[in-house]
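Reproduced below: model.pdb, with PDB, C-alpha atoms and all ligand atoms.
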MODEL        1
ATOM      1  CA  MET A 627     143.208  49.692 183.115
ATOM      2  CA  ARG A 628     144.278  53.051 181.708
ATOM      3  CA  ALA A 629     141.360  54.724 183.467
ATOM      4  CA  LEU A 630     142.199  52.974 186.737
ATOM      5  CA  LEU A 631     145.847  54.072 186.595
ATOM      6  CA  CYS A 632     144.871  57.635 185.754
ATOM      7  CA  ASP A 633     142.361  57.599 188.582
ATOM      8  CA  LEU A 634     144.877  56.345 191.133
ATOM      9  CA  THR A 635     147.696  58.664 190.081
ATOM     10  CA  GLY A 636     146.064  61.788 188.651
ATOM     11  CA  ALA A 637     147.919  61.297 185.357
ATOM     12  CA  GLU A 638     146.397  62.181 181.982
ATOM     13  CA  ASP A 639     147.400  58.933 180.351
ATOM     14  CA  ALA A 640     149.114  55.609 181.078
ATOM     15  CA  THR A 641     150.680  52.686 179.263
ATOM     16  CA  LEU A 642     152.361  49.468 180.395
ATOM     17  CA  VAL A 643     155.459  47.463 179.477
ATOM     18  CA  ASN A 644     157.013  44.301 180.892
ATOM     19  CA  ASN A 645     159.177  45.917 183.576
ATOM     20  CA  ASN A 646     160.433  49.303 184.651
ATOM     21  CA  ALA A 647     163.819  48.794 182.986
ATOM     22  CA  ALA A 648     161.922  48.495 179.699
ATOM     23  CA  ALA A 649     159.868  51.559 180.621
ATOM     24  CA  VAL A 650     163.031  53.616 181.118
ATOM     25  CA  LEU A 651     164.503  52.355 177.841
ATOM     26  CA  LEU A 652     161.317  53.059 175.911
ATOM     27  CA  VAL A 653     160.737  56.523 177.356
ATOM     28  CA  LEU A 654     164.355  57.607 176.923
ATOM     29  CA  ASN A 655     164.404  56.487 173.313
ATOM     30  CA  THR A 656     161.095  58.230 172.694
ATOM     31  CA  VAL A 657     161.956  61.591 174.224
ATOM     32  CA  ALA A 658     165.747  61.685 173.831
ATOM     33  CA  GLY A 659     166.770  59.264 171.065
ATOM     34  CA  GLY A 660     169.598  60.918 169.124
ATOM     35  CA  ARG A 661     169.617  63.761 171.619
ATOM     36  CA  GLU A 662     170.927  64.532 175.075
ATOM     37  CA  ALA A 663     169.591  63.362 178.424
ATOM     38  CA  VAL A 664     170.612  65.512 181.372
ATOM     39  CA  VAL A 665     170.952  63.744 184.728
ATOM     40  CA  SER A 666     172.580  64.432 188.090
ATOM     41  CA  ARG A 667     175.792  62.583 188.967
ATOM     42  CA  GLY A 668     174.111  61.591 192.218
ATOM     43  CA  GLU A 669     171.426  59.646 190.355
ATOM     44  CA  LEU A 670     173.387  57.449 187.931
ATOM     45  CA  ILE A 671     172.122  54.286 189.546
ATOM     46  CA  GLU A 672     172.777  50.602 189.174
ATOM     47  CA  ILE A 673     169.825  48.552 190.299
ATOM     48  CA  GLY A 674     171.559  45.208 189.982
ATOM     49  CA  GLY A 675     171.949  42.786 187.138
ATOM     50  CA  ALA A 676     172.850  44.642 183.988
ATOM     51  CA  PHE A 677     170.669  47.659 184.679
ATOM     52  CA  ARG A 678     172.914  50.695 184.902
ATOM     53  CA  MET A 679     171.479  54.041 183.992
ATOM     54  CA  PRO A 680     174.411  55.153 181.774
ATOM     55  CA  ASP A 681     174.265  51.866 179.826
ATOM     56  CA  ILE A 682     170.498  52.019 179.408
ATOM     57  CA  MET A 683     170.823  55.572 178.113
ATOM     58  CA  ALA A 684     173.402  54.481 175.570
ATOM     59  CA  ARG A 685     171.130  51.625 174.433
ATOM     60  CA  ALA A 686     168.254  54.071 174.193
ATOM     61  CA  GLY A 687     170.343  56.215 171.846
ATOM     62  CA  ALA A 688     170.470  59.146 174.257
ATOM     63  CA  ARG A 689     173.716  60.963 174.972
ATOM     64  CA  LEU A 690     174.287  61.210 178.678
ATOM     65  CA  VAL A 691     175.070  64.672 180.009
ATOM     66  CA  GLU A 692     176.081  64.449 183.664
ATOM     67  CA  VAL A 693     175.579  67.472 185.872
ATOM     68  CA  GLY A 694     176.529  68.390 189.437
ATOM     69  CA  THR A 695     178.502  66.091 191.689
ATOM     70  CA  THR A 696     177.866  62.839 193.516
ATOM     71  CA  ASN A 697     176.586  64.562 196.644
ATOM     72  CA  ARG A 698     175.371  67.964 195.459
ATOM     73  CA  THR A 699     173.561  69.100 192.341
ATOM     74  CA  HIS A 700     171.962  72.533 191.926
ATOM     75  CA  ALA A 701     169.403  74.109 189.594
ATOM     76  CA  LYS A 702     172.151  76.131 187.913
ATOM     77  CA  ASP A 703     173.946  72.896 186.992
ATOM     78  CA  TYR A 704     170.916  71.716 185.042
ATOM     79  CA  ARG A 705     170.379  75.122 183.417
ATOM     80  CA  ALA A 706     173.996  75.295 182.264
ATOM     81  CA  ALA A 707     173.705  71.886 180.593
ATOM     82  CA  LEU A 708     170.585  72.680 178.550
ATOM     83  CA  GLY A 709     170.987  73.400 174.868
ATOM     84  CA  PRO A 710     169.481  72.775 171.432
ATOM     85  CA  GLN A 711     170.462  69.100 171.671
ATOM     86  CA  THR A 712     168.667  68.436 174.965
ATOM     87  CA  GLY A 713     165.748  66.011 174.745
ATOM     88  CA  VAL A 714     165.027  65.281 178.376
ATOM     89  CA  ILE A 715     165.942  66.106 181.936
ATOM     90  CA  LEU A 716     165.920  62.830 183.839
ATOM     91  CA  LYS A 717     165.263  62.645 187.555
ATOM     92  CA  VAL A 718     165.907  59.251 189.120
ATOM     93  CA  HIS A 719     164.579  58.403 192.552
ATOM     94  CA  THR A 720     167.363  56.690 194.463
ATOM     95  CA  SER A 721     165.178  53.722 195.389
ATOM     96  CA  ASN A 722     167.921  51.407 196.564
ATOM     97  CA  TYR A 723     170.490  53.725 198.163
ATOM     98  CA  ARG A 724     170.736  57.116 199.839
ATOM     99  CA  ILE A 725     173.382  59.789 199.767
ATOM    100  CA  GLN A 726     173.561  61.367 203.201
ATOM    101  CA  GLY A 727     175.449  64.203 204.847
ATOM    102  CA  PHE A 728     176.466  67.287 202.843
ATOM    103  CA  THR A 729     173.951  66.877 200.060
ATOM    104  CA  ALA A 730     171.748  68.906 197.739
ATOM    105  CA  GLU A 731     169.391  67.878 195.003
ATOM    106  CA  VAL A 732     166.846  69.682 192.882
ATOM    107  CA  GLY A 733     163.281  68.539 193.453
ATOM    108  CA  ALA A 734     161.098  67.380 190.593
ATOM    109  CA  ALA A 735     158.777  70.407 190.849
ATOM    110  CA  GLU A 736     161.681  72.800 190.251
ATOM    111  CA  LEU A 737     163.037  70.588 187.477
ATOM    112  CA  VAL A 738     159.650  70.757 185.738
ATOM    113  CA  GLU A 739     159.943  74.560 185.691
ATOM    114  CA  ILE A 740     163.459  74.354 184.287
ATOM    115  CA  ALA A 741     162.407  71.776 181.683
ATOM    116  CA  ASP A 742     159.271  73.687 180.670
ATOM    117  CA  ALA A 743     161.226  76.935 180.249
ATOM    118  CA  ALA A 744     163.634  75.114 177.934
ATOM    119  CA  GLY A 745     160.901  73.277 176.055
ATOM    120  CA  VAL A 746     162.149  69.811 177.036
ATOM    121  CA  VAL A 747     160.497  66.938 178.895
ATOM    122  CA  LEU A 748     161.086  66.078 182.529
ATOM    123  CA  MET A 749     161.098  62.343 183.084
ATOM    124  CA  ASN A 750     160.894  61.122 186.669
ATOM    125  CA  ASP A 751     161.911  57.496 187.185
ATOM    126  CA  LEU A 752     160.540  56.577 190.606
ATOM    127  CA  GLY A 753     161.819  53.003 190.584
ATOM    128  CA  SER A 754     159.914  51.504 193.498
ATOM    129  CA  GLY A 755     156.912  53.838 193.141
ATOM    130  CA  THR A 756     154.270  53.622 195.846
ATOM    131  CA  LEU A 757     150.606  54.503 195.437
ATOM    132  CA  VAL A 758     150.030  55.152 199.138
ATOM    133  CA  ASP A 759     151.853  57.353 201.596
ATOM    134  CA  LEU A 760     153.537  54.689 203.708
ATOM    135  CA  SER A 761     153.913  57.074 206.636
ATOM    136  CA  ARG A 762     150.211  56.557 207.395
ATOM    137  CA  TRP A 763     151.364  53.184 208.791
ATOM    138  CA  GLY A 764     154.439  54.527 210.537
ATOM    139  CA  LEU A 765     156.922  53.742 207.767
ATOM    140  CA  ALA A 766     159.369  56.188 206.207
ATOM    141  CA  ARG A 767     157.862  58.676 203.787
ATOM    142  CA  GLU A 768     158.508  57.846 200.154
ATOM    143  CA  PRO A 769     157.300  60.200 197.443
ATOM    144  CA  THR A 770     154.024  58.795 196.078
ATOM    145  CA  VAL A 771     153.304  58.401 192.395
ATOM    146  CA  ARG A 772     150.423  60.878 192.664
ATOM    147  CA  GLU A 773     152.790  63.506 194.098
ATOM    148  CA  ALA A 774     155.248  62.954 191.252
ATOM    149  CA  VAL A 775     152.446  63.436 188.732
ATOM    150  CA  ALA A 776     151.178  66.556 190.510
ATOM    151  CA  GLN A 777     154.668  68.067 190.266
ATOM    152  CA  GLY A 778     154.063  68.189 186.530
ATOM    153  CA  ALA A 779     156.583  65.709 185.103
ATOM    154  CA  GLY A 780     156.019  64.876 181.435
ATOM    155  CA  VAL A 781     156.554  61.187 182.156
ATOM    156  CA  VAL A 782     156.734  59.164 185.382
ATOM    157  CA  THR A 783     157.926  55.538 185.395
ATOM    158  CA  PHE A 784     157.844  52.909 188.157
ATOM    159  CA  SER A 785     157.798  49.163 188.813
ATOM    160  CA  GLY A 786     154.688  47.070 189.274
ATOM    161  CA  ASP A 787     156.500  44.603 191.482
ATOM    162  CA  LYS A 788     158.478  46.532 194.073
ATOM    163  CA  LEU A 789     156.526  48.519 196.678
ATOM    164  CA  LEU A 790     153.382  48.253 194.582
ATOM    165  CA  GLY A 791     153.303  44.525 195.261
ATOM    166  CA  GLY A 792     151.923  43.443 191.889
ATOM    167  CA  PRO A 793     153.339  41.258 189.103
ATOM    168  CA  GLN A 794     156.437  42.224 187.144
ATOM    169  CA  ALA A 795     155.483  45.284 185.117
ATOM    170  CA  GLY A 796     156.711  48.707 184.083
ATOM    171  CA  ILE A 797     154.244  51.557 184.372
ATOM    172  CA  ILE A 798     154.512  54.691 182.243
ATOM    173  CA  ILE A 799     152.194  57.577 183.111
ATOM    174  CA  GLY A 800     152.156  61.298 182.495
ATOM    175  CA  ARG A 801     151.094  63.895 179.974
ATOM    176  CA  ARG A 802     148.949  62.688 177.072
ATOM    177  CA  ASP A 803     151.385  63.659 174.288
ATOM    178  CA  GLU A 804     154.412  61.933 175.790
ATOM    179  CA  VAL A 805     152.587  58.756 176.804
ATOM    180  CA  GLU A 806     150.945  58.566 173.375
ATOM    181  CA  LEU A 807     154.371  58.730 171.690
ATOM    182  CA  CYS A 808     155.593  55.874 173.927
ATOM    183  CA  ARG A 809     152.504  53.771 173.180
ATOM    184  CA  HIS A 810     153.060  53.961 169.425
ATOM    185  CA  HIS A 811     156.833  53.520 169.489
ATOM    186  CA  PRO A 812     158.138  50.363 167.761
ATOM    187  CA  LEU A 813     159.884  49.362 171.002
ATOM    188  CA  ALA A 814     156.500  49.286 172.754
ATOM    189  CA  ARG A 815     155.668  46.081 170.923
ATOM    190  CA  ALA A 816     159.031  44.533 171.813
ATOM    191  CA  THR A 817     158.621  45.408 175.477
ATOM    192  CA  ARG A 818     154.926  44.554 175.725
ATOM    193  CA  ILE A 819     153.506  43.202 178.970
ATOM    194  CA  ASP A 820     151.909  39.732 178.798
ATOM    195  CA  LYS A 821     148.210  39.189 179.408
ATOM    196  CA  LEU A 822     148.554  37.274 182.668
ATOM    197  CA  SER A 823     150.660  40.025 184.222
ATOM    198  CA  LEU A 824     148.171  42.543 182.954
ATOM    199  CA  ALA A 825     145.319  40.724 184.692
ATOM    200  CA  GLY A 826     147.339  40.445 187.914
ATOM    201  CA  LEU A 827     148.299  44.086 187.843
ATOM    202  CA  GLU A 828     144.719  45.168 187.318
ATOM    203  CA  ALA A 829     143.616  43.116 190.324
ATOM    204  CA  THR A 830     146.400  44.610 192.465
ATOM    205  CA  LEU A 831     145.676  48.164 191.352
ATOM    206  CA  ALA A 832     141.957  47.758 192.058
ATOM    207  CA  LEU A 833     142.791  47.085 195.716
ATOM    208  CA  TYR A 834     144.443  50.502 195.959
ATOM    209  CA  ARG A 835     141.065  52.200 195.634
ATOM    210  CA  ASP A 836     140.891  51.560 199.377
ATOM    211  CA  PRO A 837     144.353  51.871 200.989
ATOM    212  CA  GLU A 838     143.334  49.824 204.036
ATOM    213  CA  LEU A 839     142.152  47.012 201.782
ATOM    214  CA  ALA A 840     145.461  47.238 199.899
ATOM    215  CA  ARG A 841     147.309  46.949 203.179
ATOM    216  CA  GLU A 842     145.345  43.863 204.133
ATOM    217  CA  GLN A 843     145.422  42.072 200.778
ATOM    218  CA  ILE A 844     148.781  42.926 199.190
ATOM    219  CA  PRO A 845     151.482  40.751 200.763
ATOM    220  CA  VAL A 846     154.336  43.275 200.597
ATOM    221  CA  LEU A 847     152.224  45.915 202.364
ATOM    222  CA  SER A 848     150.863  43.572 205.010
ATOM    223  CA  MET A 849     154.374  42.253 205.728
ATOM    224  CA  LEU A 850     155.891  45.748 205.934
ATOM    225  CA  THR A 851     153.169  46.920 208.295
ATOM    226  CA  ALA A 852     152.610  43.760 210.376
ATOM    227  CA  SER A 853     152.050  44.584 214.056
ATOM    228  CA  HIS A 854     154.560  43.511 216.673
ATOM    229  CA  GLU A 855     151.786  41.559 218.360
ATOM    230  CA  LEU A 856     151.089  39.473 215.251
ATOM    231  CA  LEU A 857     154.794  38.897 214.624
ATOM    232  CA  ALA A 858     155.364  37.888 218.241
ATOM    233  CA  ARG A 859     152.580  35.316 218.060
ATOM    234  CA  ARG A 860     154.053  33.800 214.882
ATOM    235  CA  ALA A 861     157.575  33.897 216.278
ATOM    236  CA  GLN A 862     156.408  32.086 219.388
ATOM    237  CA  ALA A 863     154.752  29.348 217.317
ATOM    238  CA  LEU A 864     157.880  29.089 215.181
ATOM    239  CA  ALA A 865     160.124  28.851 218.243
ATOM    240  CA  GLN A 866     157.948  26.085 219.609
ATOM    241  CA  ALA A 867     157.955  24.193 216.318
ATOM    242  CA  THR A 868     161.728  24.466 215.850
ATOM    243  CA  GLY A 869     163.093  24.456 219.382
ATOM    244  CA  GLY A 870     164.753  27.801 218.601
ATOM    245  CA  GLU A 871     165.137  30.819 220.863
ATOM    246  CA  LEU A 872     163.044  33.989 220.585
ATOM    247  CA  VAL A 873     165.217  37.070 219.951
ATOM    248  CA  GLU A 874     164.553  40.710 219.077
ATOM    249  CA  THR A 875     166.126  41.752 215.811
ATOM    250  CA  VAL A 876     166.039  44.386 213.076
ATOM    251  CA  ALA A 877     165.170  43.461 209.498
ATOM    252  CA  LEU A 878     165.737  45.361 206.265
ATOM    253  CA  VAL A 879     163.329  45.634 203.357
ATOM    254  CA  GLY A 880     165.490  44.641 200.364
ATOM    255  CA  GLY A 881     164.073  44.289 196.875
ATOM    256  CA  GLY A 882     165.494  47.644 195.815
ATOM    257  CA  ALA A 883     163.204  49.680 198.052
ATOM    258  CA  LEU A 884     163.392  51.693 201.293
ATOM    259  CA  PRO A 885     167.150  51.137 201.736
ATOM    260  CA  LEU A 886     167.480  52.737 205.171
ATOM    261  CA  LEU A 887     164.256  51.540 206.710
ATOM    262  CA  GLU A 888     164.742  49.311 209.743
ATOM    263  CA  LEU A 889     161.990  46.929 210.758
ATOM    264  CA  PRO A 890     162.392  45.885 214.378
ATOM    265  CA  GLY A 891     160.665  42.661 215.342
ATOM    266  CA  PRO A 892     160.994  39.202 216.840
ATOM    267  CA  ALA A 893     162.805  36.315 215.163
ATOM    268  CA  VAL A 894     163.762  32.753 216.043
ATOM    269  CA  ALA A 895     167.468  31.948 216.447
ATOM    270  CA  LEU A 896     168.458  28.348 215.739
ATOM    271  CA  ASP A 897     171.339  26.647 217.493
ATOM    272  CA  GLY A 898     173.920  24.798 215.454
ATOM    273  CA  PRO A 899     176.421  25.564 212.684
ATOM    274  CA  ALA A 900     174.715  28.533 211.006
ATOM    275  CA  GLN A 901     176.181  28.206 207.487
ATOM    276  CA  LEU A 902     175.486  24.482 207.216
ATOM    277  CA  LEU A 903     172.017  24.839 208.571
ATOM    278  CA  ALA A 904     171.287  27.758 206.253
ATOM    279  CA  ARG A 905     172.378  25.732 203.242
ATOM    280  CA  ALA A 906     170.350  22.682 204.274
ATOM    281  CA  LEU A 907     167.248  24.824 204.705
ATOM    282  CA  ARG A 908     167.739  26.664 201.410
ATOM    283  CA  SER A 909     168.038  23.411 199.485
ATOM    284  CA  GLY A 910     165.156  21.712 201.316
ATOM    285  CA  GLU A 911     161.551  21.358 200.233
ATOM    286  CA  PRO A 912     160.061  23.848 200.812
ATOM    287  CA  ALA A 913     163.181  26.016 200.647
ATOM    288  CA  VAL A 914     163.533  28.221 203.733
ATOM    289  CA  VAL A 915     165.755  31.292 203.651
ATOM    290  CA  GLY A 916     166.993  32.693 206.938
ATOM    291  CA  ARG A 917     169.765  35.170 207.672
ATOM    292  CA  ILE A 918     172.885  34.821 209.768
ATOM    293  CA  GLU A 919     173.603  37.261 212.567
ATOM    294  CA  HIS A 920     176.370  36.782 215.139
ATOM    295  CA  ASP A 921     176.941  33.239 213.869
ATOM    296  CA  ARG A 922     173.351  32.212 214.448
ATOM    297  CA  LEU A 923     170.730  31.452 211.854
ATOM    298  CA  LEU A 924     167.665  33.657 212.288
ATOM    299  CA  LEU A 925     164.225  32.916 210.917
ATOM    300  CA  ASP A 926     162.038  35.990 210.570
ATOM    301  CA  PRO A 927     158.273  35.394 210.790
ATOM    302  CA  ARG A 928     157.432  38.642 208.973
ATOM    303  CA  THR A 929     157.240  36.921 205.594
ATOM    304  CA  LEU A 930     155.342  33.847 206.810
ATOM    305  CA  THR A 931     151.642  33.152 207.019
ATOM    306  CA  ASP A 932     150.318  31.147 209.978
ATOM    307  CA  ALA A 933     150.103  28.021 207.804
ATOM    308  CA  GLU A 934     153.677  28.493 206.619
ATOM    309  CA  VAL A 935     154.921  28.631 210.212
ATOM    310  CA  THR A 936     153.934  24.959 210.576
ATOM    311  CA  GLU A 937     155.609  24.064 207.273
ATOM    312  CA  VAL A 938     158.806  25.869 208.222
ATOM    313  CA  GLY A 939     158.809  24.078 211.584
ATOM    314  CA  ARG A 940     158.752  20.762 209.740
ATOM    315  CA  ALA A 941     161.500  21.866 207.321
ATOM    316  CA  VAL A 942     163.732  22.915 210.212
ATOM    317  CA  ARG A 943     163.278  19.615 212.045
ATOM    318  CA  THR A 944     164.197  17.754 208.837
ATOM    319  CA  ALA A 945     167.258  19.951 208.243
ATOM    320  CA  MET A 946     168.456  19.498 211.822
ATOM    321  CA  GLY A 947     168.076  15.771 211.431
TER     322      GLY A 947
HETATM  323  C1  LIG B   1     164.190  48.963 190.108
HETATM  324  C2  LIG B   1     164.409  50.190 189.308
HETATM  325  C3  LIG B   1     164.293  50.170 187.912
HETATM  326  C4  LIG B   1     163.993  48.893 187.141
HETATM  327  O1  LIG B   1     162.766  48.354 187.489
HETATM  328  P1  LIG B   1     162.382  46.824 187.177
HETATM  329  O2  LIG B   1     160.902  46.803 187.278
HETATM  330  O3  LIG B   1     163.081  45.999 188.191
HETATM  331  O4  LIG B   1     162.863  46.534 185.780
HETATM  332  C5  LIG B   1     164.484  51.344 187.222
HETATM  333  N1  LIG B   1     164.776  52.492 187.865
HETATM  334  C6  LIG B   1     164.891  52.556 189.205
HETATM  335  C7  LIG B   1     165.202  53.864 189.862
HETATM  336  C8  LIG B   1     164.716  51.410 189.977
HETATM  337  O5  LIG B   1     164.845  51.466 191.308
ENDMDL
END

As structure tokens, please, write out the structure in this file.
Amino acid sequence: MRALLCDLTGAEDATLVNNNAAAVLLVLNTVAGGREAVVSRGELIEIGGAFRMPDIMARAGARLVEVGTTNRTHAKDYRAALGPQTGVILKVHTSNYRIQGFTAEVGAAELVEIADAAGVVLMNDLGSGTLVDLSRWGLAREPTVREAVAQGAGVVTFSGDKLLGGPQAGIIIGRRDEVELCRHHPLARATRIDKLSLAGLEATLALYRDPELAREQIPVLSMLTASHELLARRAQALAQATGGELVETVALVGGGALPLLELPGPAVALDGPAQLLARALRSGEPAVVGRIEHDRLLLDPRTLTDAEVTEVGRAVRTAMG
């Protein structure tokens, strides 16, 4: 597994924990426990639930040193914040939001230089890390994990279950010394990944040896990159099965990844009281989740297989009584 991760990412070493929140906690405590962690004000994220970067830092025993402003942070801001107490410079990829307009940020490659000169570690939390350049399939470019490693970060962390499309997992890769310290940290045991997830992750990662195979076999990738032709065929079948109307719509990705990406495609609009219908479908068996636009309930075929189209047709007919 370690060899596979190193192979796919170019990292020297790798270790796994049960999710990326745990990875961030473990790495921060390892490299900055009792010391300072320097981070841009534009990257103090909340990912939902109780995961807020400032809180996680506090729990990891690192003192947060904020630099720059919400929209603009410069190299000199980081340099001015470095001192004998600094343990880490933290770069956080804004996986689930974007700051647009009059903005400036310091790239990871430049931060590595600044960190190296000061003798501290650069940690790059990618959040929704992707192993393939999604632009090869016409999607927005996201920095790949391999690129983050090549920029020289001491540690890179990312989720196994966002864009990667595997089971819940937190992946820690980077330089041998830093990863080794994480692996032998007492928290590593408390945040250990379970064996089933490990097996699932290994199977998912193996598919990435061939990006086209990954695209075919990993649901999140095949859904994100589904052709309009395929979606139109499913939408047509769904419209027929439900008596709904075919409409063109724009979907969003969700799941804390690719926040601005729009996915145009066909959907089926159902007639009737949208809220009531939505609730009936959500609480049915199988549960069907649509979305409401202009007071109509839309069903998007992007996340359905052909077999599921038939099942959803049945669920809709039951819900509509
Ligand atoms: C999602 C996310 C996390 C937490 O990852 P989980 O695997 O959901 O625990 C941490 N950092 C960033 C930047 C994220 O986007």

Cut-off 10 Å: closest chain A/ligand LIG 1 (chain B) atom pairs per residue, using all atoms listed in the file, as CSV:
residue,atom,partner,partner_atom,distance
A:Val643,CA,B:LIG1,O2,9.5
A:Asn644,CA,B:LIG1,O2,7.9
A:Asn645,CA,B:LIG1,O2,4.2
A:Asn646,CA,B:LIG1,O2,3.7
A:Ala647,CA,B:LIG1,O4,3.7
A:Ala648,CA,B:LIG1,O4,6.5
A:Ala649,CA,B:LIG1,O4,7.8
A:Val650,CA,B:LIG1,C5,6.7
A:Leu651,CA,B:LIG1,C5,9.4
A:Glu669,CA,B:LIG1,C7,8.5
A:Leu670,CA,B:LIG1,C7,9.1
A:Ile671,CA,B:LIG1,C7,6.9
A:Glu672,CA,B:LIG1,C6,8.1
A:Ile673,CA,B:LIG1,C1,5.7
A:Gly674,CA,B:LIG1,C1,8.3
A:Gly675,CA,B:LIG1,O3,9.5
A:Phe677,CA,B:LIG1,C4,7.2
A:Arg678,CA,B:LIG1,C5,8.8
A:Met679,CA,B:LIG1,N1,7.9
A:Ile682,CA,B:LIG1,C5,9.9
A:Lys717,CA,B:LIG1,C7,9.1
A:Val718,CA,B:LIG1,C7,5.5
A:His719,CA,B:LIG1,C7,5.3
A:Thr720,CA,B:LIG1,C7,5.8
A:Ser721,CA,B:LIG1,O5,4.7
A:Asn722,CA,B:LIG1,O5,6.1
A:Tyr723,CA,B:LIG1,O5,9.2
A:Asn750,CA,B:LIG1,C7,9.0
A:Asp751,CA,B:LIG1,C7,5.6
A:Leu752,CA,B:LIG1,C7,5.4
A:Gly753,CA,B:LIG1,C8,3.4
A:Ser754,CA,B:LIG1,O5,5.4
A:Gly755,CA,B:LIG1,O5,8.5
A:Thr783,CA,B:LIG1,N1,7.9
A:Phe784,CA,B:LIG1,O1,6.7
A:Ser785,CA,B:LIG1,O2,4.2
A:Gly786,CA,B:LIG1,O2,6.5
A:Asp787,CA,B:LIG1,O2,6.5
A:Lys788,CA,B:LIG1,O2,7.2
A:Pro793,CA,B:LIG1,O2,9.6
A:Gln794,CA,B:LIG1,O2,6.4
A:Ala795,CA,B:LIG1,O2,6.0
A:Gly796,CA,B:LIG1,O2,5.6
A:Ile797,CA,B:LIG1,O2,8.7
A:Gly881,CA,B:LIG1,C1,8.2
A:Gly882,CA,B:LIG1,O5,5.9
A:Ala883,CA,B:LIG1,O5,7.2

Any chance you could tabulate, as CSV, the residues of stretch 850-916 of chain A at most 10 Å from stretch 942-945 of chain A with each one's nearest atom pair and distance in Å to one decimal, using only C-alpha atoms, in chain and rising number order?
residue,atom,partner,partner_atom,distance
A:Leu864,CA,A:Val942,CA,9.9
A:Ala867,CA,A:Arg943,CA,8.2
A:Thr868,CA,A:Val942,CA,6.2
A:Gly869,CA,A:Arg943,CA,8.8
A:Gly870,CA,A:Val942,CA,9.8
A:Leu896,CA,A:Val942,CA,9.1
A:Leu902,CA,A:Ala945,CA,9.4
A:Leu903,CA,A:Ala945,CA,6.8
A:Ala904,CA,A:Ala945,CA,9.0
A:Arg905,CA,A:Ala945,CA,9.2
A:Ala906,CA,A:Ala945,CA,5.7
A:Leu907,CA,A:Ala945,CA,6.0
A:Arg908,CA,A:Ala945,CA,9.6
A:Ser909,CA,A:Ala945,CA,9.4
A:Gly910,CA,A:Ala945,CA,7.5
A:Glu911,CA,A:Thr944,CA,9.7
A:Val914,CA,A:Val942,CA,8.4

Problem set entry | Distance of atom CA of A:Ala663 from atom CA of A:Arg815, expressed in Å to one decimal place |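 That distance, rounded to one decimal, is 23.4 Å.
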
Exercise. What is the distance between atom CA of A:Ala861 and atom CA of A:Glu768, in Å to one decimal?
Worked result: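 Distance between the two atoms: 28.9 Å.
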
Exercise. Could you spell out the hits of the PyMOL selection byres (((chain A and resi 848-852) around 10) and not hetatm) on the shown file, as a ChimeraX atom specification?
Worked result: /A:760,763-765,789,838-847,853-857,878-879,889,891,927-931

For this session: Kindly resolve the PyMOL selection byres (((chain A and resi 893) around 8) and not hetatm) on the present coordinates and return the residues as a VMD selection string.
Result: chain A and resid 861 872 to 875 891 to 892 894 to 895 924 to 927

What do you get, as a tab-separated table (two decimals) with C-alpha atoms, in the frame of the given file, if you spell out every residue that the PyMOL selection byres (((chain A and resi 835) around 12) and not hetatm) selects here?
chain	number	residue	atom	x	y	z
A	630	LEU	CA	142.20	52.97	186.74
A	631	LEU	CA	145.85	54.07	186.60
A	632	CYS	CA	144.87	57.64	185.75
A	633	ASP	CA	142.36	57.60	188.58
A	634	LEU	CA	144.88	56.34	191.13
A	635	THR	CA	147.70	58.66	190.08
A	757	LEU	CA	150.61	54.50	195.44
A	758	VAL	CA	150.03	55.15	199.14
A	828	GLU	CA	144.72	45.17	187.32
A	829	ALA	CA	143.62	43.12	190.32
A	830	THR	CA	146.40	44.61	192.46
A	831	LEU	CA	145.68	48.16	191.35
A	832	ALA	CA	141.96	47.76	192.06
A	833	LEU	CA	142.79	47.08	195.72
A	834	TYR	CA	144.44	50.50	195.96
A	836	ASP	CA	140.89	51.56	199.38
A	837	PRO	CA	144.35	51.87	200.99
A	838	GLU	CA	143.33	49.82	204.04
A	839	LEU	CA	142.15	47.01	201.78
A	840	ALA	CA	145.46	47.24	199.90
A	841	ARG	CA	147.31	46.95	203.18

For this session: Go through A:Ala779, A:Val938, A:Ala825, A:Val664 one by one, measure the shortest atom-to-atom distance of each to A:Ala865 using all atoms listed in the file, and give the residue with the smallest value.
Result: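 Answer, going by the shortest atom-to-atom distance: A:Val938.
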